[in-house]
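Below is upload_21.pdb, which holds PDB, C-alpha atoms and all ligand atoms.
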```pdb
ATOM      1  CA  MET T  12      85.458  74.065 -12.182
ATOM      2  CA  ALA T  13      82.223  72.231 -12.797
ATOM      3  CA  ARG T  14      79.077  74.257 -12.382
ATOM      4  CA  ASN T  15      76.148  72.767 -10.479
ATOM      5  CA  PRO T  16      73.363  71.992 -12.924
ATOM      6  CA  PRO T  17      70.012  73.600 -12.083
ATOM      7  CA  VAL T  18      67.701  71.498  -9.895
ATOM      8  CA  PRO T  19      64.476  70.650 -11.764
ATOM      9  CA  GLU T  20      61.621  72.657 -10.284
ATOM     10  CA  THR T  21      59.642  69.708  -8.996
ATOM     11  CA  TYR T  22      62.640  67.619  -7.875
ATOM     12  CA  TYR T  23      62.331  68.102  -4.081
ATOM     13  CA  ASP T  24      58.572  67.520  -4.197
ATOM     14  CA  ARG T  25      59.122  64.254  -6.073
ATOM     15  CA  VAL T  26      61.749  63.171  -3.511
ATOM     16  CA  ALA T  27      59.398  64.020  -0.639
ATOM     17  CA  ALA T  28      56.577  62.102  -2.308
ATOM     18  CA  GLN T  29      58.771  59.007  -2.018
ATOM     19  CA  HIS T  30      59.301  59.641   1.732
ATOM     20  CA  ALA T  31      62.955  60.493   1.206
ATOM     21  CA  LEU T  32      65.071  63.482   2.334
ATOM     22  CA  PRO T  33      67.984  65.102   0.488
ATOM     23  CA  LEU T  34      70.804  65.032   3.049
ATOM     24  CA  TRP T  35      72.717  67.816   1.273
ATOM     25  CA  VAL T  36      70.050  70.356   2.208
ATOM     26  CA  ASP T  37      70.657  71.669   5.730
ATOM     27  CA  THR T  38      73.153  68.924   6.590
ATOM     28  CA  ALA T  39      73.841  70.535   9.983
ATOM     29  CA  GLN T  40      70.308  69.699  11.068
ATOM     30  CA  TYR T  41      71.042  65.995  10.708
ATOM     31  CA  VAL T  42      74.683  66.002  11.743
ATOM     32  CA  PRO T  43      75.360  68.993  14.018
ATOM     33  CA  LYS T  44      78.979  69.801  14.869
ATOM     34  CA  GLU T  45      78.256  69.153  18.548
ATOM     35  CA  PRO T  46      75.282  68.040  20.671
ATOM     36  CA  THR T  47      72.201  70.264  20.452
ATOM     37  CA  PRO T  48      69.883  68.714  23.042
ATOM     38  CA  PRO T  49      66.247  69.654  22.439
ATOM     39  CA  TYR T  50      65.564  70.119  26.155
ATOM     40  CA  ASP T  51      66.373  72.724  28.765
ATOM     41  CA  PRO T  52      68.122  72.987  32.090
ATOM     42  CA  ALA T  53      65.471  73.013  34.792
ATOM     43  CA  LEU T  54      65.032  72.793  38.550
ATOM     44  CA  TRP T  55      62.138  71.422  40.597
ATOM     45  CA  ARG T  56      61.980  72.944  44.063
ATOM     46  CA  SER T  57      60.935  70.573  46.811
ATOM     47  CA  GLU T  58      58.867  73.324  48.420
ATOM     48  CA  ASP T  59      56.806  73.600  45.210
ATOM     49  CA  ILE T  60      56.483  69.980  44.118
ATOM     50  CA  ARG T  61      56.233  68.227  47.503
ATOM     51  CA  PRO T  62      52.826  69.755  48.393
ATOM     52  CA  LEU T  63      51.451  68.574  45.036
ATOM     53  CA  LEU T  64      52.794  65.091  45.629
ATOM     54  CA  MET T  65      51.205  65.045  49.113
ATOM     55  CA  GLU T  66      47.926  66.213  47.568
ATOM     56  CA  ALA T  67      48.120  63.219  45.233
ATOM     57  CA  GLY T  68      47.795  61.143  48.402
ATOM     58  CA  ASP T  69      44.176  62.357  48.614
ATOM     59  CA  VAL T  70      43.503  62.179  44.897
ATOM     60  CA  VAL T  71      44.546  58.645  44.029
ATOM     61  CA  THR T  72      45.478  55.382  45.730
ATOM     62  CA  PRO T  73      48.514  53.412  44.532
ATOM     63  CA  GLU T  74      46.178  50.565  43.536
ATOM     64  CA  GLU T  75      44.171  52.950  41.352
ATOM     65  CA  ALA T  76      47.250  54.559  39.855
ATOM     66  CA  SER T  77      49.562  51.518  39.849
ATOM     67  CA  ARG T  78      52.114  54.091  41.042
ATOM     68  CA  ARG T  79      51.451  57.451  42.711
ATOM     69  CA  VAL T  80      54.172  59.253  40.796
ATOM     70  CA  LEU T  81      54.790  62.711  39.401
ATOM     71  CA  VAL T  82      57.129  62.681  36.398
ATOM     72  CA  LEU T  83      59.472  65.667  36.339
ATOM     73  CA  GLN T  84      58.780  66.698  32.792
ATOM     74  CA  ASN T  85      61.424  68.801  31.070
ATOM     75  CA  PRO T  86      59.789  72.185  30.324
ATOM     76  CA  ALA T  87      60.896  71.910  26.671
ATOM     77  CA  PHE T  88      58.937  68.676  26.210
ATOM     78  CA  SER T  89      55.254  67.943  25.988
ATOM     79  CA  GLY T  90      53.549  64.703  26.975
ATOM     80  CA  PHE T  91      55.451  61.943  28.719
ATOM     81  CA  GLN T  92      58.845  62.658  27.211
ATOM     82  CA  GLY T  93      60.760  62.711  30.463
ATOM     83  CA  THR T  94      63.466  64.800  32.056
ATOM     84  CA  THR T  95      66.178  64.245  29.439
ATOM     85  CA  ARG T  96      65.761  62.419  26.139
ATOM     86  CA  SER T  97      66.853  59.151  27.712
ATOM     87  CA  LEU T  98      65.846  59.427  31.367
ATOM     88  CA  TYR T  99      62.893  60.066  33.625
ATOM     89  CA  ALA T 100      63.196  61.572  37.083
ATOM     90  CA  CYS T 101      60.004  61.135  39.114
ATOM     91  CA  LEU T 102      58.793  61.589  42.657
ATOM     92  CA  GLN T 103      56.804  58.815  44.270
ATOM     93  CA  LEU T 104      54.638  58.895  47.401
ATOM     94  CA  ILE T 105      53.468  55.931  49.435
ATOM     95  CA  LEU T 106      51.504  56.362  52.633
ATOM     96  CA  PRO T 107      51.569  54.129  55.735
ATOM     97  CA  GLY T 108      49.819  50.816  55.118
ATOM     98  CA  GLU T 109      49.635  51.262  51.364
ATOM     99  CA  HIS T 110      50.741  48.792  48.745
ATOM    100  CA  ALA T 111      51.786  49.589  45.185
ATOM    101  CA  PRO T 112      51.139  46.338  43.315
ATOM    102  CA  GLU T 113      53.789  44.273  41.553
ATOM    103  CA  HIS T 114      54.642  44.739  37.934
ATOM    104  CA  ARG T 115      57.697  44.429  35.744
ATOM    105  CA  HIS T 116      59.067  46.277  32.762
ATOM    106  CA  THR T 117      62.168  46.377  30.610
ATOM    107  CA  GLN T 118      63.034  49.816  31.945
ATOM    108  CA  SER T 119      65.556  49.703  34.778
ATOM    109  CA  ALA T 120      64.707  51.822  37.806
ATOM    110  CA  LEU T 121      66.594  53.384  40.660
ATOM    111  CA  ARG T 122      65.149  54.738  43.900
ATOM    112  CA  LEU T 123      66.756  57.395  46.039
ATOM    113  CA  VAL T 124      64.877  57.683  49.310
ATOM    114  CA  LEU T 125      64.141  61.259  50.364
ATOM    115  CA  GLU T 126      61.757  60.889  53.310
ATOM    116  CA  GLY T 127      60.325  58.284  55.621
ATOM    117  CA  GLU T 128      61.182  54.974  57.225
ATOM    118  CA  GLY T 129      59.570  51.567  56.946
ATOM    119  CA  GLY T 130      59.134  51.409  53.183
ATOM    120  CA  ILE T 131      59.852  48.113  51.485
ATOM    121  CA  THR T 132      60.534  47.519  47.811
ATOM    122  CA  THR T 133      60.162  43.945  46.708
ATOM    123  CA  VAL T 134      62.331  42.668  43.867
ATOM    124  CA  ASP T 135      61.430  39.211  42.588
ATOM    125  CA  GLY T 136      59.926  38.456  46.004
ATOM    126  CA  GLY T 137      62.927  39.626  48.054
ATOM    127  CA  ARG T 138      62.447  42.489  50.523
ATOM    128  CA  VAL T 139      64.621  45.583  50.166
ATOM    129  CA  GLU T 140      64.324  47.969  53.106
ATOM    130  CA  MET T 141      64.326  51.688  52.349
ATOM    131  CA  ALA T 142      65.813  54.427  54.527
ATOM    132  CA  PRO T 143      66.547  58.092  53.739
ATOM    133  CA  GLY T 144      69.469  58.541  51.347
ATOM    134  CA  ASP T 145      69.522  54.865  50.333
ATOM    135  CA  PHE T 146      70.062  54.105  46.665
ATOM    136  CA  ILE T 147      68.059  51.068  45.562
ATOM    137  CA  ILE T 148      68.038  49.246  42.228
ATOM    138  CA  THR T 149      65.171  47.544  40.442
ATOM    139  CA  PRO T 150      66.846  45.713  37.534
ATOM    140  CA  SER T 151      65.173  45.394  34.155
ATOM    141  CA  TRP T 152      62.306  42.876  33.964
ATOM    142  CA  THR T 153      62.266  42.060  37.680
ATOM    143  CA  TRP T 154      58.919  41.903  39.482
ATOM    144  CA  HIS T 155      58.667  44.783  41.895
ATOM    145  CA  GLY T 156      56.181  46.428  44.203
ATOM    146  CA  HIS T 157      56.261  48.738  47.177
ATOM    147  CA  THR T 158      54.718  48.536  50.642
ATOM    148  CA  HIS T 159      54.902  50.836  53.610
ATOM    149  CA  GLU T 160      55.144  49.400  57.108
ATOM    150  CA  GLY T 161      56.132  52.696  58.766
ATOM    151  CA  ASP T 162      53.966  55.502  60.084
ATOM    152  CA  THR T 163      54.974  58.619  58.127
ATOM    153  CA  PRO T 164      54.741  59.274  54.375
ATOM    154  CA  MET T 165      57.559  57.911  52.248
ATOM    155  CA  ILE T 166      58.835  59.920  49.300
ATOM    156  CA  TRP T 167      61.560  58.871  46.938
ATOM    157  CA  LEU T 168      63.124  59.824  43.644
ATOM    158  CA  ASP T 169      62.580  57.327  40.855
ATOM    159  CA  GLY T 170      65.087  57.327  38.009
ATOM    160  CA  LEU T 171      64.257  55.333  34.899
ATOM    161  CA  ASP T 172      65.732  54.781  31.448
ATOM    162  CA  ASN T 173      62.302  55.134  29.819
ATOM    163  CA  GLY T 174      63.461  57.429  27.025
ATOM    164  CA  LEU T 175      66.297  55.131  26.075
ATOM    165  CA  MET T 176      63.942  52.137  25.908
ATOM    166  CA  ALA T 177      61.394  54.164  23.932
ATOM    167  CA  GLN T 178      63.955  55.253  21.339
ATOM    168  CA  MET T 179      65.001  51.654  20.786
ATOM    169  CA  ASP T 180      61.394  50.389  20.943
ATOM    170  CA  THR T 181      62.302  47.836  23.571
ATOM    171  CA  THR T 182      59.563  48.585  26.106
ATOM    172  CA  PHE T 183      57.664  45.634  27.561
ATOM    173  CA  PHE T 184      55.381  45.783  30.597
ATOM    174  CA  GLU T 185      53.498  43.150  32.567
ATOM    175  CA  ALA T 186      51.173  43.630  35.533
ATOM    176  CA  GLY T 187      51.511  41.128  38.356
ATOM    177  CA  GLN T 188      49.792  39.904  41.474
ATOM    178  CA  THR T 189      47.967  42.229  43.791
ATOM    179  CA  GLU T 190      48.371  40.352  47.091
ATOM    180  CA  LEU T 191      50.856  41.596  49.645
ATOM    181  CA  PRO T 192      54.418  40.582  48.836
ATOM    182  CA  GLY T 193      57.451  40.317  51.023
ATOM    183  CA  THR T 194      57.877  36.710  52.023
ATOM    184  CA  GLY T 195      61.242  36.323  50.311
ATOM    185  CA  PRO T 196      64.710  36.835  51.774
ATOM    186  CA  VAL T 197      66.018  40.268  52.639
ATOM    187  CA  SER T 198      68.148  41.593  49.802
ATOM    188  CA  THR T 199      71.889  41.779  50.170
ATOM    189  CA  SER T 200      73.212  45.272  50.665
ATOM    190  CA  VAL T 201      76.663  46.519  49.772
ATOM    191  CA  GLU T 202      77.418  46.939  53.444
ATOM    192  CA  GLU T 203      76.777  43.262  54.057
ATOM    193  CA  LYS T 204      78.862  42.331  51.026
ATOM    194  CA  HIS T 205      81.778  44.559  51.957
ATOM    195  CA  GLY T 206      85.030  42.634  51.945
ATOM    196  CA  GLU T 207      83.532  39.417  50.677
ATOM    197  CA  PRO T 208      84.494  37.847  47.375
ATOM    198  CA  SER T 209      81.854  38.385  44.738
ATOM    199  CA  GLU T 210      79.463  35.545  44.178
ATOM    200  CA  GLY T 211      78.445  34.728  40.641
ATOM    201  CA  GLY T 212      75.170  36.298  39.659
ATOM    202  CA  GLU T 213      74.203  37.687  43.065
ATOM    203  CA  ARG T 214      72.721  41.121  42.697
ATOM    204  CA  VAL T 215      73.314  44.045  44.998
ATOM    205  CA  LEU T 216      70.110  46.029  45.180
ATOM    206  CA  ARG T 217      70.645  48.424  48.091
ATOM    207  CA  TYR T 218      73.440  50.888  48.808
ATOM    208  CA  PRO T 219      72.784  52.281  52.306
ATOM    209  CA  TYR T 220      73.305  56.003  52.778
ATOM    210  CA  ASP T 221      75.251  55.776  56.020
ATOM    211  CA  LYS T 222      77.908  53.656  54.301
ATOM    212  CA  ALA T 223      78.005  55.913  51.220
ATOM    213  CA  ARG T 224      78.310  59.007  53.412
ATOM    214  CA  GLU T 225      81.175  57.388  55.320
ATOM    215  CA  ASN T 226      82.912  56.680  52.027
ATOM    216  CA  LEU T 227      82.635  60.347  51.048
ATOM    217  CA  GLU T 228      84.340  61.310  54.315
ATOM    218  CA  ILE T 229      87.119  58.822  53.583
ATOM    219  CA  LEU T 230      87.499  60.316  50.100
ATOM    220  CA  ARG T 231      87.804  63.765  51.644
ATOM    221  CA  LYS T 232      90.665  62.518  53.824
ATOM    222  CA  VAL T 233      92.620  60.498  51.272
ATOM    223  CA  THR T 234      92.118  62.118  47.858
ATOM    224  CA  ASP T 235      92.574  65.504  46.261
ATOM    225  CA  ILE T 236      89.419  67.453  45.633
ATOM    226  CA  ASP T 237      88.127  67.470  42.068
ATOM    227  CA  PRO T 238      87.944  71.114  40.936
ATOM    228  CA  SER T 239      84.501  70.595  39.354
ATOM    229  CA  HIS T 240      82.901  67.771  41.331
ATOM    230  CA  GLY T 241      84.302  68.036  44.854
ATOM    231  CA  TYR T 242      84.675  64.588  46.419
ATOM    232  CA  ARG T 243      82.741  62.246  44.193
ATOM    233  CA  MET T 244      82.230  58.497  44.098
ATOM    234  CA  GLU T 245      80.431  56.260  41.646
ATOM    235  CA  TYR T 246      78.183  53.431  42.797
ATOM    236  CA  LEU T 247      79.618  50.184  41.426
ATOM    237  CA  ASN T 248      78.525  46.593  41.124
ATOM    238  CA  PRO T 249      80.895  44.713  43.474
ATOM    239  CA  ALA T 250      80.517  41.553  41.376
ATOM    240  CA  ASP T 251      82.371  43.023  38.408
ATOM    241  CA  GLY T 252      83.550  46.510  39.416
ATOM    242  CA  GLY T 253      81.435  48.072  36.674
ATOM    243  CA  SER T 254      78.543  50.484  36.861
ATOM    244  CA  ALA T 255      75.929  49.581  39.468
ATOM    245  CA  MET T 256      73.333  49.630  36.682
ATOM    246  CA  PRO T 257      73.773  48.777  32.979
ATOM    247  CA  THR T 258      72.038  51.887  31.638
ATOM    248  CA  MET T 259      72.492  54.538  34.335
ATOM    249  CA  THR T 260      75.674  55.867  35.934
ATOM    250  CA  THR T 261      74.986  56.807  39.554
ATOM    251  CA  MET T 262      77.192  59.022  41.698
ATOM    252  CA  LEU T 263      77.296  60.761  45.057
ATOM    253  CA  MET T 264      79.325  63.909  45.635
ATOM    254  CA  LEU T 265      80.331  65.936  48.651
ATOM    255  CA  LEU T 266      80.919  69.673  48.226
ATOM    256  CA  ASP T 267      82.700  71.508  51.022
ATOM    257  CA  ASP T 268      81.138  74.591  52.602
ATOM    258  CA  GLY T 269      82.096  77.420  50.217
ATOM    259  CA  PHE T 270      83.084  75.112  47.351
ATOM    260  CA  THR T 271      83.219  76.941  44.015
ATOM    261  CA  GLY T 272      83.481  74.483  41.159
ATOM    262  CA  GLN T 273      85.227  75.040  37.857
ATOM    263  CA  PRO T 274      83.026  74.875  34.746
ATOM    264  CA  TYR T 275      82.552  71.414  33.297
ATOM    265  CA  ARG T 276      80.523  69.740  30.607
ATOM    266  CA  SER T 277      79.964  66.232  29.348
ATOM    267  CA  THR T 278      77.756  64.542  26.801
ATOM    268  CA  ASP T 279      75.581  62.782  29.378
ATOM    269  CA  GLY T 280      72.643  64.945  30.387
ATOM    270  CA  THR T 281      72.624  64.600  34.174
ATOM    271  CA  ILE T 282      69.934  64.769  36.851
ATOM    272  CA  PHE T 283      71.050  65.937  40.309
ATOM    273  CA  THR T 284      69.191  65.501  43.598
ATOM    274  CA  VAL T 285      70.234  67.493  46.653
ATOM    275  CA  LEU T 286      70.443  65.284  49.748
ATOM    276  CA  GLU T 287      72.146  67.787  52.035
ATOM    277  CA  GLY T 288      72.991  71.462  51.961
ATOM    278  CA  GLU T 289      72.327  74.566  49.912
ATOM    279  CA  GLY T 290      74.015  76.158  46.945
ATOM    280  CA  GLU T 291      73.667  77.103  43.321
ATOM    281  CA  THR T 292      74.569  75.628  39.964
ATOM    282  CA  MET T 293      75.204  77.787  36.921
ATOM    283  CA  ILE T 294      73.997  75.924  33.841
ATOM    284  CA  GLY T 295      74.689  77.495  30.463
ATOM    285  CA  GLY T 296      74.972  80.919  32.106
ATOM    286  CA  GLN T 297      71.706  80.571  34.066
ATOM    287  CA  ALA T 298      71.699  80.355  37.886
ATOM    288  CA  PHE T 299      69.760  77.563  39.592
ATOM    289  CA  PRO T 300      69.799  77.981  43.384
ATOM    290  CA  TRP T 301      69.079  74.748  45.220
ATOM    291  CA  LYS T 302      68.230  73.409  48.647
ATOM    292  CA  ARG T 303      67.690  69.992  50.209
ATOM    293  CA  HIS T 304      65.544  67.658  48.072
ATOM    294  CA  ASP T 305      65.505  69.960  45.065
ATOM    295  CA  ILE T 306      66.116  68.197  41.742
ATOM    296  CA  PHE T 307      67.731  69.737  38.678
ATOM    297  CA  VAL T 308      68.803  68.668  35.203
ATOM    298  CA  VAL T 309      71.875  69.666  33.198
ATOM    299  CA  PRO T 310      71.453  68.964  29.461
ATOM    300  CA  SER T 311      74.067  67.191  27.377
ATOM    301  CA  TRP T 312      77.158  69.313  26.625
ATOM    302  CA  SER T 313      75.847  72.278  28.668
ATOM    303  CA  GLU T 314      78.577  73.892  30.727
ATOM    304  CA  TYR T 315      77.850  73.939  34.431
ATOM    305  CA  ALA T 316      79.546  74.852  37.701
ATOM    306  CA  HIS T 317      78.423  74.080  41.267
ATOM    307  CA  ARG T 318      78.734  76.385  44.240
ATOM    308  CA  ALA T 319      77.977  75.211  47.771
ATOM    309  CA  ASP T 320      76.880  77.723  50.413
ATOM    310  CA  THR T 321      76.952  75.026  53.080
ATOM    311  CA  GLU T 322      78.458  71.547  53.053
ATOM    312  CA  SER T 323      76.349  69.695  50.498
ATOM    313  CA  VAL T 324      75.752  66.184  49.207
ATOM    314  CA  LEU T 325      74.319  65.625  45.724
ATOM    315  CA  PHE T 326      73.245  62.381  44.084
ATOM    316  CA  SER T 327      73.393  62.249  40.286
ATOM    317  CA  PHE T 328      72.372  59.883  37.533
ATOM    318  CA  SER T 329      72.854  59.910  33.779
ATOM    319  CA  ASP T 330      73.212  57.572  30.796
ATOM    320  CA  ARG T 331      77.015  57.911  30.851
ATOM    321  CA  VAL T 332      77.555  54.159  31.150
ATOM    322  CA  VAL T 333      75.695  53.618  27.871
ATOM    323  CA  GLN T 334      77.709  56.319  26.112
ATOM    324  CA  LEU T 335      80.944  54.795  27.444
ATOM    325  CA  LYS T 336      79.963  51.357  26.152
ATOM    326  CA  LEU T 337      79.313  52.908  22.744
ATOM    327  CA  GLY T 338      82.608  54.824  22.814
ATOM    328  CA  VAL T 339      80.944  58.217  22.299
ATOM    329  CA  TRP T 340      81.131  59.832  25.755
ATOM    330  CA  ARG T 341      83.057  63.122  25.955
ATOM    331  CA  GLU T 342      83.841  65.645  28.656
ATOM    332  CA  ALA T 343      85.525  69.049  28.743
ATOM    333  CA  ARG T 344      86.783  71.229  31.560
ATOM    334  CA  SER T 345      87.563  74.914  31.574
ATOM    335  CA  SER T 346      89.044  77.063  34.301
TER
HETATM  336 FE    FE Z 401      57.850  49.917  38.026
END
```

Rewrite the coordinates I just gave you, this time as structure tokens.
Ligand SMILES: [Fe+2]
Amino acid sequence: MARNPPVPETYYDRVAAQHALPLWVDTAQYVPKEPTPPYDPALWRSEDIRPLLMEAGDVVTPEEASRRVLVLQNPAFSGFQGTTRSLYACLQLILPGEHAPEHRHTQSALRLVLEGEGGITTVDGGRVEMAPGDFIITPSWTWHGHTHEGDTPMIWLDGLDNGLMAQMDTTFFEAGQTELPGTGPVSTSVEEKHGEPSEGGERVLRYPYDKARENLEILRKVTDIDPSHGYRMEYLNPADGGSAMPTMTTMLMLLDDGFTGQPYRSTDGTIFTVLEGEGETMIGGQAFPWKRHDIFVVPSWSEYAHRADTESVLFSFSDRVVQLKLGVWREARSS
């Protein structure tokens, strides 16, 4: 058997001086046997974060800030690194009469309305009305702004693929007009499209909550419960039956009162928002109790299990659709 020759004393220094790395040293660091996400499970309680968001209403106007938004920063990260490596979850506040000016960016964005009525998101000049529980899409590179024609504060979850765009260095941004928008046609919602043949190129930008909630009830009647996810549906693009968004998989799940889920894990780090109910999710052996409007993140390949103390509805988003397109997505269940 051949014996390894001794490595010359200065060899690794000379390699480093050429900005090169010897892959045979600590190979596992570069190619781990399974995902080792460098971020943590975490939960943001509405009762803690909402007062700070409301305080931002006194501190800064949307015009000054472009967006009055708090990014839910993973505690393992520093700076604007987001909630997972690929995704940002944020909370946005807009007060009655305010206007967040138009801009566009290559990041795709989703909105999940938590509070308030009368908010309008404009997408390329079209008005998209916002009501609690609605899931709204701002596609990549579309002009968008927000106005508030109601009389109570509006708060919503923003979900963006900022980390994904940053890792690929594909981020572009452009600021737009500052005058009030909203003269375009009202956007088509899924409810309005229901039962119609798809029309080439027409985008669905709003998925109303009342319709989604109805669909969950239908699921409960006609399907078997999933042992990990309860009754769960994915938001789809009716034009092609694929994911509602090209970079983010979006789902809504209903957990029965007393539901105790079996442990599950998948490679898509997932951000959950509680729309109804109370319960707890065990993530990697750590308990995260949650209530309405709390937001929590499960890292890639971390085992988790939900428990619902009352009937609960959770919205989730992740980069699963990207992983599926690349053929790398995995899941595992245990009982
Ligand atoms: Fe934006």

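For the point (83.5, 60.1, 46.0) in file coordinates, the residues within 6 Å, using all atoms listed in the file, are Leu227, Leu230, Tyr242, Arg243, Met244 and Met264 of chain T.
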
Expected selection as a PyMOL selection string for ligand FE 401 (chain Z) within 7 Å, all atoms listed in the file: chain T and resi 114-116+155

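Residue neighbourhood of range 41-58 of chain T, excluding near-sequence residues (fewer than 5 positions): Leu34, Leu83, Asn85, Pro86, Ala87, Phe88, Thr95, Arg96, Thr278, Ile294, Phe299, Trp301, Lys302, Arg303, His304, Asp305, Ile306, Phe307, Val308, Val309, Pro310, Ser311 and Trp312 of chain T, at 8 Å, using only C-alpha atoms.
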
Nearest-residue call for Ile148 in chain T, choices T:Val82, T:Ile60, T:Leu247, T:Ile229, using all atoms listed in the file: T:Leu247

Reference answer for the PyMOL selection byres (((chain T and resi 266) around 10) and not hetatm), as a tab-separated table (two decimals) with C-alpha atoms, keeping the file's coordinate frame:
```tsv
chain	number	residue	atom	x	y	z
T	227	LEU	CA	82.64	60.35	51.05
T	231	ARG	CA	87.80	63.76	51.64
T	236	ILE	CA	89.42	67.45	45.63
T	237	ASP	CA	88.13	67.47	42.07
T	239	SER	CA	84.50	70.60	39.35
T	240	HIS	CA	82.90	67.77	41.33
T	241	GLY	CA	84.30	68.04	44.85
T	242	TYR	CA	84.68	64.59	46.42
T	243	ARG	CA	82.74	62.25	44.19
T	264	MET	CA	79.32	63.91	45.64
T	265	LEU	CA	80.33	65.94	48.65
T	267	ASP	CA	82.70	71.51	51.02
T	268	ASP	CA	81.14	74.59	52.60
T	269	GLY	CA	82.10	77.42	50.22
T	270	PHE	CA	83.08	75.11	47.35
T	271	THR	CA	83.22	76.94	44.02
T	272	GLY	CA	83.48	74.48	41.16
T	287	GLU	CA	72.15	67.79	52.04
T	288	GLY	CA	72.99	71.46	51.96
T	290	GLY	CA	74.02	76.16	46.94
T	317	HIS	CA	78.42	74.08	41.27
T	318	ARG	CA	78.73	76.39	44.24
T	319	ALA	CA	77.98	75.21	47.77
T	320	ASP	CA	76.88	77.72	50.41
T	321	THR	CA	76.95	75.03	53.08
T	322	GLU	CA	78.46	71.55	53.05
T	323	SER	CA	76.35	69.69	50.50
T	324	VAL	CA	75.75	66.18	49.21
T	325	LEU	CA	74.32	65.62	45.72
```

Tell me, counting all atoms listed in the file, for each residue of range 85-119 of chain T within 12 Å of range 68-80 of chain T, which pair of atoms is nearest and how far apart they are in Å to one decimal, in rows ordered by chain and increasing number, as CSV.
```
residue,atom,partner,partner_atom,distance
T:Tyr99,CA,T:Val80,CA,11.3
T:Ala100,CA,T:Val80,CA,10.0
T:Cys101,CA,T:Val80,CA,6.4
T:Leu102,CA,T:Val80,CA,5.5
T:Gln103,CA,T:Val80,CA,4.4
T:Leu104,CA,T:Arg79,CA,5.9
T:Ile105,CA,T:Arg79,CA,7.2
T:Leu106,CA,T:Gly68,CA,7.4
T:Pro107,CA,T:Gly68,CA,10.8
T:Gly108,CA,T:Pro73,CA,11.0
T:Glu109,CA,T:Pro73,CA,7.2
T:His110,CA,T:Pro73,CA,6.6
T:Ala111,CA,T:Pro73,CA,5.1
T:Pro112,CA,T:Ser77,CA,6.4
T:Glu113,CA,T:Ser77,CA,8.6
T:His114,CA,T:Ser77,CA,8.7
T:Arg115,CA,T:Ser77,CA,11.5
```

Selection above as a file: C-alpha atoms, as a PDB file, keeping the file's coordinate frame:
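So out25.pdb came out as:
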```
ATOM      1  CA  TYR T  99      62.893  60.066  33.625  1.00  0.00           C
ATOM      2  CA  ALA T 100      63.196  61.572  37.083  1.00  0.00           C
ATOM      3  CA  CYS T 101      60.004  61.135  39.114  1.00  0.00           C
ATOM      4  CA  LEU T 102      58.793  61.589  42.657  1.00  0.00           C
ATOM      5  CA  GLN T 103      56.804  58.815  44.270  1.00  0.00           C
ATOM      6  CA  LEU T 104      54.638  58.895  47.401  1.00  0.00           C
ATOM      7  CA  ILE T 105      53.468  55.931  49.435  1.00  0.00           C
ATOM      8  CA  LEU T 106      51.504  56.362  52.633  1.00  0.00           C
ATOM      9  CA  PRO T 107      51.569  54.129  55.735  1.00  0.00           C
ATOM     10  CA  GLY T 108      49.819  50.816  55.118  1.00  0.00           C
ATOM     11  CA  GLU T 109      49.635  51.262  51.364  1.00  0.00           C
ATOM     12  CA  HIS T 110      50.741  48.792  48.745  1.00  0.00           C
ATOM     13  CA  ALA T 111      51.786  49.589  45.185  1.00  0.00           C
ATOM     14  CA  PRO T 112      51.139  46.338  43.315  1.00  0.00           C
ATOM     15  CA  GLU T 113      53.789  44.273  41.553  1.00  0.00           C
ATOM     16  CA  HIS T 114      54.642  44.739  37.934  1.00  0.00           C
ATOM     17  CA  ARG T 115      57.697  44.429  35.744  1.00  0.00           C
TER      18      ARG T 115
END
```
